[in-house]
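Q: Structure below; questions to follow.
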There are 2 protein chains.
Amino acid sequence: MAGGGAAASALASPWRALLQRALDGNAHLRHSTYFQLATVSSGGRPANRTVVFRGFQEYSDKIQINTDARSNKIGEIKSCPFGEICWYFTDSWEQFRISGSIDVIDGSNSDPNKLQHREKAWFASSVRSRLQYLGPQPGVPVIDHDHVNDVRLDPSAGPVDAFCLLVLDPEKVDYLNLKNNQRLMFRRSRKEDGSDNWMAEKVSP
Amino acid sequence: MAGGGAAASALASPWRALLQRALDGNAHLRHSTYFQLATVSSGGRPANRTVVFRGFQEYSDKIQINTDARSNKIGEIKSCPFGEICWYFTDSWEQFRISGSIDVIDGSNSDPNKLQHREKAWFASSVRSRLQYLGPQPGVPVIDHDHVNDVRLDPSAGPVDAFCLLVLDPEKVDYLNLKNNQRLMFRRSRKEDGSDNWMAEKVSP
């Protein structure tokens, strides 16, 4: 693919190999699993924040993010269910812009399969990470935060109400390598049988 | 301010001191001047990309970004003139989310003062950086990119047509420190005489 020139090629999620290489090559950096997720706020303005990559959903390209159901982004995504991830790898100078629709999975979800994904994500995160969902609502004025230290959590207990799983389903991936100045654009089309077809094209950086 | 608790305090751009401290503390990292700029695309979806901080405009809090006038973001910003910067400092674990309106200053701008800012930004960037504005339009399919090596530029020549200065005027700054788990929200109000008034509030992370 790297030598594909202008020719478009159809491969199964060809950008995944590039992303995996970047993850491996930058694995020594704690922040290599952090990326910026942009959404559109209810007022139609852009919103942007750093979140943590929680892996791909099994047997798919869907990207998982844990978040607090009480944070502003939940309302934002419900009114405009799209996001663009900007993932910059600081050691290899590679950028992945990954855009797609976002599914919000909180405890009220009616799909047992999705609730299972949420539960899995809960137990996959550290107890320390889980504790933050027992804290006060994000973004509200702090009066007294001493009580945060008193919070205890049974490690075997399932997800709390505030725990929400976001699942971004990639439609377009814009890859830029600043070391060799190469840029590749990947676009998805969905086949009738539900499987994905990805086209790759070399574009100017 | 750090000990201000829930009390709101009015100070002149109080977040600038925090940002300067983060810039100084992370200056050994090349990527510390890179941040992610989110905008809203013409289709109403979010867009997000890494850009380089080109300093503040003199005597103001306005943030400067150089870009290619032929890139998609120009049309996006013209139809929705707002942006949110997400600036994560990987060494100090600090995040600044800076939102505000964006002014697009290309060569066709009618304001001589703004054109002067654009020219200044052009000469402040390296000749190597300037060369990219002589390359092909970003995002178009690459047929043959050998000609890129032939491009020459007179270092004393002014900005080319493709060079565009973006100026983000901050309205809200959401500061998060992941080391001490503190979050401060700064909101601007503009006084009648045109000067800014910033309010700071401690909020839950």
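Residues are referred to by chain and number: the chain letter is A, B, ... according to the order shown in the structure tokens, the number counts from 1 in that chain, and ligands are numbered separately from 1 in the order shown.
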For Asn66 (chain A), find every residue with an atom within 7 Å (counting only C-alpha atoms), except residues of its own chain fewer than 3 positions away, and show them as a list in words.
A: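 Returned residues: Cys164, Leu165 and Leu166 of chain A.
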Q: Would you write out those residues with N, CA and C atoms, as a compact mmCIF listing (two decimals), in the first residue's frame?
A:
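Resulting contents of selection_25.txt:
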# COMPACT_ATOMS: atom_id res chain seq x y z
N CYS A 164 -20.18 5.42 31.56
CA CYS A 164 -20.73 5.40 30.21
C CYS A 164 -19.64 4.98 29.22
N LEU A 165 -20.00 4.12 28.31
CA LEU A 165 -19.07 3.69 27.27
C LEU A 165 -19.45 4.39 25.96
N LEU A 166 -18.46 5.02 25.34
CA LEU A 166 -18.67 5.61 24.01
C LEU A 166 -18.00 4.70 22.99
Q: Dump as JSON lines the rows for residues of chain A within 6 Å of chain B: closest atom pair and distance in Å with one decimal, only C-alpha atoms counted, ordered by chain and rising residue number.
A:
{"residue": "A:Ala6", "atom": "CA", "partner": "B:Ile143", "partner_atom": "CA", "distance": 5.5}
{"residue": "A:Ala38", "atom": "CA", "partner": "B:Pro46", "partner_atom": "CA", "distance": 5.8}
{"residue": "A:Thr39", "atom": "CA", "partner": "B:Pro46", "partner_atom": "CA", "distance": 5.2}
{"residue": "A:Val40", "atom": "CA", "partner": "B:Pro46", "partner_atom": "CA", "distance": 5.7}
{"residue": "A:Pro46", "atom": "CA", "partner": "B:Thr39", "partner_atom": "CA", "distance": 5.2}
{"residue": "A:Ala47", "atom": "CA", "partner": "B:Glu84", "partner_atom": "CA", "distance": 5.7}
{"residue": "A:Asn48", "atom": "CA", "partner": "B:Cys86", "partner_atom": "CA", "distance": 5.7}
{"residue": "A:Arg49", "atom": "CA", "partner": "B:Cys86", "partner_atom": "CA", "distance": 5.7}
{"residue": "A:Gly83", "atom": "CA", "partner": "B:Pro46", "partner_atom": "CA", "distance": 5.8}
{"residue": "A:Glu84", "atom": "CA", "partner": "B:Ala47", "partner_atom": "CA", "distance": 5.7}
{"residue": "A:Cys86", "atom": "CA", "partner": "B:Arg49", "partner_atom": "CA", "distance": 5.7}
{"residue": "A:Pro138", "atom": "CA", "partner": "B:Ser204", "partner_atom": "CA", "distance": 5.1}
{"residue": "A:Gly139", "atom": "CA", "partner": "B:Ser204", "partner_atom": "CA", "distance": 5.1}
{"residue": "A:Val140", "atom": "CA", "partner": "B:Val203", "partner_atom": "CA", "distance": 5.1}
{"residue": "A:Pro141", "atom": "CA", "partner": "B:Val203", "partner_atom": "CA", "distance": 4.1}
{"residue": "A:Val142", "atom": "CA", "partner": "B:Val203", "partner_atom": "CA", "distance": 4.8}
{"residue": "A:Ile143", "atom": "CA", "partner": "B:Ala6", "partner_atom": "CA", "distance": 5.5}
{"residue": "A:Lys202", "atom": "CA", "partner": "B:Val142", "partner_atom": "CA", "distance": 5.8}
{"residue": "A:Val203", "atom": "CA", "partner": "B:Pro141", "partner_atom": "CA", "distance": 4.1}
{"residue": "A:Ser204", "atom": "CA", "partner": "B:Gly139", "partner_atom": "CA", "distance": 5.1}
{"residue": "A:Pro205", "atom": "CA", "partner": "B:Pro138", "partner_atom": "CA", "distance": 5.3}
Q: Restricting the calculation to only C-alpha atoms, which member of B:Met199, B:Val127, B:Ile63, B:Leu153 is positioned closest to Pro170 (chain B)?
A: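 Of the candidates, the smallest distance to Pro170 (chain B) is held by B:Ile63.
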Q: Where in region 50-150 of chain A does DSSP assign helix (DSSP H, G or I), given as a PyMOL selection string?
A: chain A and resi 72-79+112-124+127-134+146-150
Q: CA of Phe123 (chain A) and CA of Gly25 (chain A) are how many Å apart?
A: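 CA of Phe123 (chain A) sits 27.0 Å away from CA of Gly25 (chain A).
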Q: Choose the residue, out of B:Ala162, B:Leu18, B:Leu115, B:Ala200, that has the smallest atom-to-atom separation from Arg130 (chain B); count only C-alpha atoms.
A: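 So, comparing all the options, the nearest one is B:Ala162.
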Q: As a CSV table (one decimal) with C-alpha atoms, in the first residue's frame, please: every residue in region 54-178 of chain A that DSSP puts in strand (DSSP E).
A:
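As a result, selection.csv now contains:
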chain,number,residue,atom,x,y,z
A,63,ILE,CA,-13.0,2.5,19.2
A,64,GLN,CA,-13.9,2.5,22.8
A,65,ILE,CA,-13.8,5.4,25.2
A,66,ASN,CA,-14.9,5.5,28.9
A,67,THR,CA,-16.6,8.6,30.1
A,68,ASP,CA,-18.8,10.1,32.8
A,82,PHE,CA,-20.5,12.3,15.4
A,83,GLY,CA,-17.0,12.7,16.5
A,84,GLU,CA,-13.5,13.2,15.1
A,85,ILE,CA,-10.5,11.8,17.0
A,86,CYS,CA,-7.2,13.5,16.5
A,87,TRP,CA,-4.5,11.2,17.6
A,88,TYR,CA,-0.9,12.5,17.4
A,89,PHE,CA,2.0,10.2,18.1
A,94,GLU,CA,2.2,10.4,12.9
A,95,GLN,CA,-1.3,11.8,13.1
A,96,PHE,CA,-4.6,9.8,12.7
A,97,ARG,CA,-7.8,11.8,12.2
A,98,ILE,CA,-10.6,9.3,12.7
A,99,SER,CA,-14.1,10.4,12.1
A,100,GLY,CA,-17.3,8.5,12.5
A,101,SER,CA,-20.6,8.1,14.4
A,102,ILE,CA,-20.6,7.7,18.2
A,103,ASP,CA,-22.8,5.4,20.2
A,104,VAL,CA,-23.5,6.3,23.8
A,105,ILE,CA,-23.9,3.3,26.0
A,163,PHE,CA,-20.2,5.1,33.9
A,164,CYS,CA,-20.7,5.4,30.2
A,165,LEU,CA,-19.1,3.7,27.3
A,166,LEU,CA,-18.7,5.6,24.0
A,167,VAL,CA,-18.1,3.6,20.8
A,168,LEU,CA,-16.9,5.4,17.7
A,169,ASP,CA,-17.4,3.6,14.4
A,170,PRO,CA,-14.8,4.9,12.0
A,171,GLU,CA,-15.9,6.0,8.5
A,172,LYS,CA,-12.9,8.0,7.4
A,173,VAL,CA,-9.2,7.9,8.5
A,174,ASP,CA,-6.8,10.7,7.5
A,175,TYR,CA,-3.3,9.5,8.1
A,176,LEU,CA,-0.3,11.9,8.1
A,177,ASN,CA,3.3,11.0,8.6
Q: Mind pulling up the distance from CA of Gly75 (chain B) to CA of Ser42 (chain B)?
A: 7.5 Å
Q: Excluding Gly158 (chain A) and residues on its chain fewer than 3 positions from it, collect all residues at most 9 Å away from it, counting only C-alpha atoms, and give them as number ranges by chain.
A: A: 119, 122-123, 154-155
